[in-house]
>>> print(open('target.pdb').read())   # PDB, C-alpha atoms
ATOM      1  CA  MET A 199       0.000   0.000   0.000
ATOM      2  CA  LYS A 200       1.448   3.331  -1.057
ATOM      3  CA  LEU A 201       0.448   6.896  -0.269
ATOM      4  CA  LYS A 202      -0.526   9.145  -3.117
ATOM      5  CA  TYR A 203      -0.509  12.939  -2.856
ATOM      6  CA  HIS A 204      -3.721  14.642  -3.970
ATOM      7  CA  PHE A 205      -3.302  18.393  -4.035
ATOM      8  CA  SER A 206      -6.482  20.301  -3.202
ATOM      9  CA  ILE A 207      -6.605  24.062  -3.130
ATOM     10  CA  VAL A 208      -9.392  24.420  -0.555
ATOM     11  CA  PRO A 209      -7.828  22.311   2.254
ATOM     12  CA  THR A 210      -4.441  23.893   1.587
ATOM     13  CA  LEU A 211      -5.830  27.412   1.876
ATOM     14  CA  CYS A 212      -7.638  26.473   5.073
ATOM     15  CA  VAL A 213      -4.445  25.150   6.643
ATOM     16  CA  VAL A 214      -2.321  28.100   5.490
ATOM     17  CA  THR A 215      -4.902  30.505   6.931
ATOM     18  CA  LEU A 216      -6.001  28.771  10.125
ATOM     19  CA  PHE A 217      -2.818  27.075  11.345
ATOM     20  CA  PRO A 218      -0.877  30.308  12.110
ATOM     21  CA  ILE A 219      -3.980  31.756  13.793
ATOM     22  CA  LEU A 220      -4.431  28.741  16.064
ATOM     23  CA  VAL A 221      -0.748  28.621  16.996
ATOM     24  CA  GLY A 222      -0.741  32.380  17.588
ATOM     25  CA  LEU A 223      -3.739  32.081  19.920
ATOM     26  CA  GLY A 224      -1.915  29.355  21.836
ATOM     27  CA  PHE A 225       1.165  31.519  22.367
ATOM     28  CA  TRP A 226      -1.072  34.462  23.287
ATOM     29  CA  GLN A 227      -2.620  32.405  26.077
ATOM     30  CA  LEU A 228       0.843  31.385  27.271
ATOM     31  CA  GLU A 229       1.828  35.060  27.397
ATOM     32  CA  ARG A 230      -1.263  35.842  29.472
ATOM     33  CA  ALA A 231      -0.411  32.973  31.822
ATOM     34  CA  GLN A 232       3.104  34.386  32.230
ATOM     35  CA  THR A 233       1.673  37.832  32.954
ATOM     36  CA  ARG A 234      -0.507  36.313  35.686
ATOM     37  CA  LYS A 235       2.544  34.541  37.116
ATOM     38  CA  ASP A 236       4.466  37.826  37.217
ATOM     39  CA  ILE A 237       1.568  39.502  39.033
ATOM     40  CA  LEU A 238       1.350  36.659  41.554
ATOM     41  CA  ASN A 239       5.105  36.743  42.211
ATOM     42  CA  LEU A 240       5.046  40.535  42.603
ATOM     43  CA  TYR A 241       2.130  40.321  45.028
ATOM     44  CA  GLN A 242       3.797  37.651  47.145
ATOM     45  CA  ASP A 243       7.082  39.581  47.299
ATOM     46  CA  ARG A 244       5.527  42.930  48.179
ATOM     47  CA  PHE A 245       2.725  41.760  50.436
ATOM     48  CA  HIS A 246       5.257  40.406  52.923
ATOM     49  CA  ALA A 247       7.634  43.369  52.592
ATOM     50  CA  PRO A 248       7.807  46.032  55.344
ATOM     51  CA  ARG A 249       4.871  48.452  55.471
ATOM     52  CA  VAL A 250       5.324  51.823  53.792
ATOM     53  CA  THR A 251       3.794  55.140  54.837
ATOM     54  CA  ILE A 252       1.946  57.210  52.241
ATOM     55  CA  GLY A 253       1.873  60.957  52.793
ATOM     56  CA  SER A 254       1.224  64.174  50.950
ATOM     57  CA  ALA A 255       4.050  63.636  48.434
ATOM     58  CA  ILE A 256       2.829  61.927  45.269
ATOM     59  CA  GLU A 257       4.483  58.523  45.033
ATOM     60  CA  SER A 258       5.134  56.260  42.050
ATOM     61  CA  PRO A 259       2.137  53.913  41.681
ATOM     62  CA  ALA A 260       4.330  51.141  40.304
ATOM     63  CA  GLU A 261       6.453  51.208  43.456
ATOM     64  CA  LEU A 262       3.414  51.071  45.750
ATOM     65  CA  GLU A 263       1.364  48.385  44.019
ATOM     66  CA  TYR A 264       0.550  45.451  46.347
ATOM     67  CA  ARG A 265       2.517  47.021  49.205
ATOM     68  CA  GLN A 266       1.137  47.070  52.742
ATOM     69  CA  THR A 267       0.622  50.769  53.431
ATOM     70  CA  GLU A 268      -0.253  53.180  56.207
ATOM     71  CA  ALA A 269      -1.734  56.660  55.824
ATOM     72  CA  THR A 270      -2.941  59.360  58.181
ATOM     73  CA  GLY A 271      -5.418  61.997  57.080
ATOM     74  CA  THR A 272      -8.968  63.311  57.248
ATOM     75  CA  TRP A 273     -11.929  61.625  55.599
ATOM     76  CA  ASP A 274     -13.599  63.635  52.830
ATOM     77  CA  PRO A 275     -17.203  62.355  52.573
ATOM     78  CA  GLU A 276     -18.128  65.194  50.199
ATOM     79  CA  HIS A 277     -16.170  63.491  47.398
ATOM     80  CA  GLU A 278     -17.133  59.949  48.293
ATOM     81  CA  PHE A 279     -18.679  57.718  45.621
ATOM     82  CA  LEU A 280     -19.997  54.196  45.054
ATOM     83  CA  LEU A 281     -18.403  51.833  42.549
ATOM     84  CA  ASP A 282     -21.255  49.957  40.890
ATOM     85  CA  ASN A 283     -21.622  46.303  39.846
ATOM     86  CA  ARG A 284     -19.533  44.771  42.638
ATOM     87  CA  VAL A 285     -20.717  41.245  43.442
ATOM     88  CA  LEU A 286     -20.187  39.440  46.751
ATOM     89  CA  ASN A 287     -21.487  35.912  47.312
ATOM     90  CA  GLY A 288     -23.780  36.251  44.314
ATOM     91  CA  GLN A 289     -25.352  39.526  45.486
ATOM     92  CA  ALA A 290     -24.905  42.775  43.564
ATOM     93  CA  GLY A 291     -23.753  45.838  45.409
ATOM     94  CA  PHE A 292     -21.197  48.639  45.567
ATOM     95  CA  HIS A 293     -17.713  49.362  46.764
ATOM     96  CA  VAL A 294     -17.546  52.525  48.875
ATOM     97  CA  ILE A 295     -14.641  54.751  47.785
ATOM     98  CA  THR A 296     -13.735  57.577  50.179
ATOM     99  CA  PRO A 297     -10.842  60.060  49.864
ATOM    100  CA  LEU A 298      -8.425  60.427  52.752
ATOM    101  CA  VAL A 299      -6.975  63.941  52.599
ATOM    102  CA  PHE A 300      -3.489  64.532  53.967
ATOM    103  CA  ARG A 301      -2.553  67.499  56.126
ATOM    104  CA  GLY A 302      -2.341  70.673  54.117
ATOM    105  CA  ASN A 303      -5.310  69.626  51.915
ATOM    106  CA  GLN A 304      -3.090  69.484  48.840
ATOM    107  CA  SER A 305      -3.245  65.752  48.158
ATOM    108  CA  ALA A 306      -5.203  62.645  49.089
ATOM    109  CA  VAL A 307      -5.493  58.919  48.515
ATOM    110  CA  LEU A 308      -8.672  57.049  47.647
ATOM    111  CA  VAL A 309      -9.656  54.312  50.088
ATOM    112  CA  ASN A 310     -11.868  51.352  49.227
ATOM    113  CA  ARG A 311     -13.826  50.884  52.458
ATOM    114  CA  GLY A 312     -15.481  47.675  51.320
ATOM    115  CA  TRP A 313     -18.712  46.266  49.915
ATOM    116  CA  ILE A 314     -22.308  47.215  50.681
ATOM    117  CA  PRO A 315     -25.439  45.573  49.199
ATOM    118  CA  GLY A 316     -27.492  47.305  46.545
ATOM    119  CA  VAL A 317     -31.178  48.143  46.778
ATOM    120  CA  ALA A 318     -34.060  46.903  44.665
ATOM    121  CA  ASP A 319     -34.943  50.398  43.481
ATOM    122  CA  ARG A 320     -31.980  51.493  41.366
ATOM    123  CA  SER A 321     -33.135  55.095  41.515
ATOM    124  CA  GLN A 322     -32.436  55.138  45.267
ATOM    125  CA  LEU A 323     -29.003  55.261  46.863
ATOM    126  CA  PRO A 324     -28.224  52.654  49.524
ATOM    127  CA  GLN A 325     -27.881  53.920  53.076
ATOM    128  CA  PHE A 326     -24.434  53.600  54.607
ATOM    129  CA  GLU A 327     -22.302  55.266  57.263
ATOM    130  CA  ARG A 328     -20.131  58.142  56.087
ATOM    131  CA  PRO A 329     -16.931  58.758  58.061
ATOM    132  CA  HIS A 330     -15.619  62.050  59.423
ATOM    133  CA  GLY A 331     -12.528  63.301  61.173
ATOM    134  CA  GLU A 332      -8.886  62.325  61.205
ATOM    135  CA  THR A 333      -7.783  58.719  61.218
ATOM    136  CA  THR A 334      -4.884  56.400  60.497
ATOM    137  CA  ILE A 335      -5.543  53.518  58.137
ATOM    138  CA  THR A 336      -3.659  50.484  56.910
ATOM    139  CA  GLY A 337      -4.326  48.446  53.800
ATOM    140  CA  THR A 338      -3.043  47.118  50.503
ATOM    141  CA  ALA A 339      -2.277  49.532  47.660
ATOM    142  CA  ILE A 340      -3.581  48.552  44.231
ATOM    143  CA  ILE A 341      -3.580  50.223  40.832
ATOM    144  CA  PRO A 342      -7.129  50.293  39.374
ATOM    145  CA  PRO A 343      -7.395  48.741  35.896
ATOM    146  CA  VAL A 344      -7.661  51.263  33.074
ATOM    147  CA  ASP A 345      -8.744  48.943  30.237
ATOM    148  CA  VAL A 346     -12.254  48.329  31.552
ATOM    149  CA  PHE A 347     -14.899  48.035  28.822
ATOM    150  CA  VAL A 348     -17.841  50.399  29.179
ATOM    151  CA  LEU A 349     -20.719  50.992  26.788
ATOM    152  CA  LYS A 350     -20.619  54.755  27.258
ATOM    153  CA  ALA A 351     -17.872  57.022  28.492
ATOM    154  CA  ALA A 352     -18.645  58.795  31.748
ATOM    155  CA  PRO A 353     -19.251  62.551  31.488
ATOM    156  CA  PRO A 354     -16.828  64.965  33.174
ATOM    157  CA  LEU A 355     -17.465  65.576  36.847
ATOM    158  CA  ILE A 356     -18.908  68.871  38.040
ATOM    159  CA  PRO A 357     -17.566  69.830  41.491
ATOM    160  CA  ASN A 358     -20.875  71.306  42.675
ATOM    161  CA  GLU A 359     -22.919  68.383  41.323
ATOM    162  CA  TRP A 360     -21.001  65.395  42.593
ATOM    163  CA  GLN A 361     -21.861  62.036  40.996
ATOM    164  CA  MET A 362     -22.333  59.264  43.549
ATOM    165  CA  ILE A 363     -22.569  56.190  41.283
ATOM    166  CA  TRP A 364     -19.511  55.313  39.193
ATOM    167  CA  GLN A 365     -19.131  52.426  36.778
ATOM    168  CA  VAL A 366     -15.319  52.592  36.585
ATOM    169  CA  LEU A 367     -12.769  53.766  39.132
ATOM    170  CA  ASP A 368     -11.103  56.432  36.990
ATOM    171  CA  LEU A 369      -8.403  58.253  38.970
ATOM    172  CA  GLU A 370      -7.788  60.846  36.277
ATOM    173  CA  ARG A 371     -11.477  61.726  36.083
ATOM    174  CA  PHE A 372     -11.624  62.078  39.861
ATOM    175  CA  GLU A 373      -8.584  64.336  40.071
ATOM    176  CA  GLN A 374      -9.948  66.672  37.392
ATOM    177  CA  ALA A 375     -12.869  67.572  39.674
ATOM    178  CA  ALA A 376     -11.341  67.176  43.139
ATOM    179  CA  PRO A 377      -9.760  70.162  44.931
ATOM    180  CA  TYR A 378      -6.520  68.247  45.517
ATOM    181  CA  ARG A 379      -4.117  65.859  43.830
ATOM    182  CA  ILE A 380      -4.425  62.146  44.470
ATOM    183  CA  GLN A 381      -2.068  59.209  44.671
ATOM    184  CA  GLY A 382      -2.085  56.838  41.718
ATOM    185  CA  VAL A 383      -3.184  53.912  43.875
ATOM    186  CA  VAL A 384      -6.259  52.952  45.879
ATOM    187  CA  ILE A 385      -5.893  51.518  49.375
ATOM    188  CA  ARG A 386      -8.018  48.503  50.186
ATOM    189  CA  LEU A 387      -8.877  49.093  53.822
ATOM    190  CA  ASP A 388      -7.799  46.399  56.271
ATOM    191  CA  THR A 389     -10.538  44.475  58.038
ATOM    192  CA  SER A 390      -9.367  45.770  61.425
ATOM    193  CA  HIS A 391     -10.385  49.378  60.729
ATOM    194  CA  PRO A 392     -13.841  50.349  62.084
ATOM    195  CA  ASP A 393     -14.780  52.702  59.222
ATOM    196  CA  GLY A 394     -15.269  49.908  56.681
ATOM    197  CA  PHE A 395     -17.845  47.409  55.464
ATOM    198  CA  GLU A 396     -17.553  43.893  54.034
ATOM    199  CA  ARG A 397     -13.878  43.438  53.132
ATOM    200  CA  GLY A 398     -12.931  40.038  51.827
ATOM    201  CA  TRP A 399     -10.076  41.090  49.578
ATOM    202  CA  PRO A 400      -9.024  37.966  47.628
ATOM    203  CA  PRO A 401      -5.300  37.780  46.811
ATOM    204  CA  PRO A 402      -4.150  36.806  43.317
ATOM    205  CA  ASP A 403      -3.950  33.043  42.898
ATOM    206  CA  ASP A 404      -2.917  30.542  40.247
ATOM    207  CA  HIS A 405      -6.489  29.852  39.096
ATOM    208  CA  TRP A 406      -6.196  32.082  36.023
ATOM    209  CA  ILE A 407      -2.670  30.832  35.312
ATOM    210  CA  LYS A 408      -3.944  27.273  34.998
ATOM    211  CA  ARG A 409      -6.917  28.433  32.949
ATOM    212  CA  HIS A 410      -4.741  30.286  30.421
ATOM    213  CA  GLU A 411      -2.420  27.287  30.161
ATOM    214  CA  ALA A 412      -5.427  25.046  29.507
ATOM    215  CA  TYR A 413      -6.661  27.440  26.800
ATOM    216  CA  ALA A 414      -3.189  27.385  25.210
ATOM    217  CA  PHE A 415      -3.220  23.586  25.147
ATOM    218  CA  GLN A 416      -6.622  23.630  23.437
ATOM    219  CA  TRP A 417      -5.432  26.001  20.705
ATOM    220  CA  PHE A 418      -2.282  23.961  20.078
ATOM    221  CA  ALA A 419      -4.366  20.765  20.003
ATOM    222  CA  LEU A 420      -6.697  22.302  17.417
ATOM    223  CA  ALA A 421      -3.685  23.300  15.297
ATOM    224  CA  ALA A 422      -2.322  19.758  15.488
ATOM    225  CA  THR A 423      -5.737  18.292  14.651
ATOM    226  CA  LEU A 424      -5.957  20.577  11.626
ATOM    227  CA  LEU A 425      -2.642  19.249  10.313
ATOM    228  CA  VAL A 426      -3.704  15.638  10.874
ATOM    229  CA  ILE A 427      -6.946  16.189   8.966
ATOM    230  CA  TYR A 428      -5.101  17.964   6.156
ATOM    231  CA  PHE A 429      -2.548  15.192   5.665
ATOM    232  CA  ALA A 430      -5.304  12.600   5.856
ATOM    233  CA  ILE A 431      -7.031  14.380   2.984
ATOM    234  CA  VAL A 432      -4.088  15.055   0.693
ATOM    235  CA  PHE A 433      -2.178  11.819   1.294
ATOM    236  CA  ARG A 434      -4.460   8.943   0.438
ATOM    237  CA  PRO A 435      -3.431   5.286   0.320
ATOM    238  CA  ARG A 436      -3.590   3.532  -3.014
ATOM    239  CA  LYS A 437      -3.197  -0.057  -4.029
ATOM    240  CA  LYS A 438      -0.411  -1.254  -6.353
TER     241      LYS A 438
END
>>> encode(input="target.pdb", output="structure tokens")
Amino acid sequence: MKLKYHFSIVPTLCVVTLFPILVGLGFWQLERAQTRKDILNLYQDRFHAPRVTIGSAIESPAELEYRQTEATGTWDPEHEFLLDNRVLNGQAGFHVITPLVFRGNQSAVLVNRGWIPGVADRSQLPQFERPHGETTITGTAIIPPVDVFVLKAAPPLIPNEWQMIWQVLDLERFEQAAPYRIQGVVIRLDTSHPDGFERGWPPPDDHWIKRHEAYAFQWFALAATLLVIYFAIVFRPRKK
């Protein structure tokens, strides 16, 4: 039994077009898995590093990310807002974001005080305790994601008509309307502080790393299957 080559334009075009795409998607998933690994390693290194103090001087966000931080200032409930579409244990709600203004009132840092449940009537704001006075907080500094997909861009803020419900935590948009500069990170308030709500901050884990690696394997398997099918079509056995 010999193999005979049967050239066919349609299968060949399919392989030439699809094979690089499938392989490229596999490597793309591997790159995303590596990015997740880098984030996890950075978190583990910085989370256990000595605590840093954030003050009125504007720090580099990249140097503060995932660091345990401490800050002393005065709560500013007038520029507080609720971050919408935050889900906890299957229930929709909000994250309460409150500025902590440093002495001199020239700069501040935004503090995520935790999760509160939403209300059935979306036209009504949920009731929650608003803090006042000076305090010292501790928590983990994070950089809010900037590539969040939204259907409609948020309008500019008007200082005298403060918007309470936000869809995206946009630091630049906040600073344009606030009377002070802000740090490029948000502090997730520790559970020990009394001015917070539900705070179950999950650390990065390897769940998404394994998922991206599994996706990569699937794309590579599809590419290999495509080649097997192609050679099965173009190389057919023939009798003597």
>>> resolve_selection(input="target.pdb", expression="the PyMOL selection byres ((chain A and resi 340) around 12)", output="PDB file with C-alpha atoms, in the coordinates of the input")
ATOM      1  CA  ILE A 237       1.568  39.502  39.033  1.00  0.00           C
ATOM      2  CA  LEU A 240       5.046  40.535  42.603  1.00  0.00           C
ATOM      3  CA  TYR A 241       2.130  40.321  45.028  1.00  0.00           C
ATOM      4  CA  ARG A 244       5.527  42.930  48.179  1.00  0.00           C
ATOM      5  CA  PHE A 245       2.725  41.760  50.436  1.00  0.00           C
ATOM      6  CA  SER A 258       5.134  56.260  42.050  1.00  0.00           C
ATOM      7  CA  PRO A 259       2.137  53.913  41.681  1.00  0.00           C
ATOM      8  CA  ALA A 260       4.330  51.141  40.304  1.00  0.00           C
ATOM      9  CA  GLU A 261       6.453  51.208  43.456  1.00  0.00           C
ATOM     10  CA  LEU A 262       3.414  51.071  45.750  1.00  0.00           C
ATOM     11  CA  GLU A 263       1.364  48.385  44.019  1.00  0.00           C
ATOM     12  CA  TYR A 264       0.550  45.451  46.347  1.00  0.00           C
ATOM     13  CA  ARG A 265       2.517  47.021  49.205  1.00  0.00           C
ATOM     14  CA  GLN A 266       1.137  47.070  52.742  1.00  0.00           C
ATOM     15  CA  THR A 267       0.622  50.769  53.431  1.00  0.00           C
ATOM     16  CA  VAL A 307      -5.493  58.919  48.515  1.00  0.00           C
ATOM     17  CA  LEU A 308      -8.672  57.049  47.647  1.00  0.00           C
ATOM     18  CA  VAL A 309      -9.656  54.312  50.088  1.00  0.00           C
ATOM     19  CA  ASN A 310     -11.868  51.352  49.227  1.00  0.00           C
ATOM     20  CA  GLY A 337      -4.326  48.446  53.800  1.00  0.00           C
ATOM     21  CA  THR A 338      -3.043  47.118  50.503  1.00  0.00           C
ATOM     22  CA  ALA A 339      -2.277  49.532  47.660  1.00  0.00           C
ATOM     23  CA  ILE A 341      -3.580  50.223  40.832  1.00  0.00           C
ATOM     24  CA  PRO A 342      -7.129  50.293  39.374  1.00  0.00           C
ATOM     25  CA  PRO A 343      -7.395  48.741  35.896  1.00  0.00           C
ATOM     26  CA  LEU A 367     -12.769  53.766  39.132  1.00  0.00           C
ATOM     27  CA  GLN A 381      -2.068  59.209  44.671  1.00  0.00           C
ATOM     28  CA  GLY A 382      -2.085  56.838  41.718  1.00  0.00           C
ATOM     29  CA  VAL A 383      -3.184  53.912  43.875  1.00  0.00           C
ATOM     30  CA  VAL A 384      -6.259  52.952  45.879  1.00  0.00           C
ATOM     31  CA  ILE A 385      -5.893  51.518  49.375  1.00  0.00           C
ATOM     32  CA  ARG A 386      -8.018  48.503  50.186  1.00  0.00           C
ATOM     33  CA  LEU A 387      -8.877  49.093  53.822  1.00  0.00           C
ATOM     34  CA  TRP A 399     -10.076  41.090  49.578  1.00  0.00           C
ATOM     35  CA  PRO A 401      -5.300  37.780  46.811  1.00  0.00           C
ATOM     36  CA  PRO A 402      -4.150  36.806  43.317  1.00  0.00           C
TER      37      PRO A 402
END
>>> resolve_selection(input="target.pdb", expression="the PyMOL selection byres ((chain A and resi 419-430) around 7)", output="PyMOL selection string")
chain A and resi 209+213+217+220-221+415-418+431-434
>>> resolve_selection(input="target.pdb", expression="the PyMOL selection byres ((chain A and resi 408) around 12)", output="PyMOL selection string")
chain A and resi 227-228+230-232+234-235+403-407+409-415
>>> closest_residue(input="target.pdb", among="A:Asp319, A:Asp282, A:Asp236, A:Glu373", to="Ser305 in chain A", atoms="only C-alpha atoms")
A:Glu373
>>> atom_distance(input="target.pdb", atom1="CA of Gly253 in chain A", atom2="CA of Thr270 in chain A")
7.4 Å
>>> atom_distance(input="target.pdb", atom1="CA of Tyr378 in chain A", atom2="CA of Val299 in chain A")
8.3 Å
>>> atom_distance(input="target.pdb", atom1="CA of Arg249 in chain A", atom2="CA of Ala269 in chain A")
10.5 Å
>>> residues_around(input="target.pdb", residues="Leu280 in chain A", least_positions_apart="6", cutoff="12 Å", atoms="all atoms listed in the file", output="CSV table (one decimal) with C-alpha atoms, in the frame of the given file")
chain,number,residue,atom,x,y,z
A,291,GLY,CA,-23.8,45.8,45.4
A,292,PHE,CA,-21.2,48.6,45.6
A,293,HIS,CA,-17.7,49.4,46.8
A,294,VAL,CA,-17.5,52.5,48.9
A,295,ILE,CA,-14.6,54.8,47.8
A,296,THR,CA,-13.7,57.6,50.2
A,297,PRO,CA,-10.8,60.1,49.9
A,308,LEU,CA,-8.7,57.0,47.6
A,309,VAL,CA,-9.7,54.3,50.1
A,310,ASN,CA,-11.9,51.4,49.2
A,311,ARG,CA,-13.8,50.9,52.5
A,312,GLY,CA,-15.5,47.7,51.3
A,313,TRP,CA,-18.7,46.3,49.9
A,314,ILE,CA,-22.3,47.2,50.7
A,315,PRO,CA,-25.4,45.6,49.2
A,316,GLY,CA,-27.5,47.3,46.5
A,323,LEU,CA,-29.0,55.3,46.9
A,324,PRO,CA,-28.2,52.7,49.5
A,325,GLN,CA,-27.9,53.9,53.1
A,326,PHE,CA,-24.4,53.6,54.6
A,328,ARG,CA,-20.1,58.1,56.1
A,360,TRP,CA,-21.0,65.4,42.6
A,361,GLN,CA,-21.9,62.0,41.0
A,362,MET,CA,-22.3,59.3,43.5
A,363,ILE,CA,-22.6,56.2,41.3
A,364,TRP,CA,-19.5,55.3,39.2
A,365,GLN,CA,-19.1,52.4,36.8
A,366,VAL,CA,-15.3,52.6,36.6
A,367,LEU,CA,-12.8,53.8,39.1
>>> closest_residue(input="target.pdb", among="A:His277, A:Leu211, A:Leu298, A:Gly331", to="Ala375 in chain A", atoms="all atoms listed in the file")
A:His277
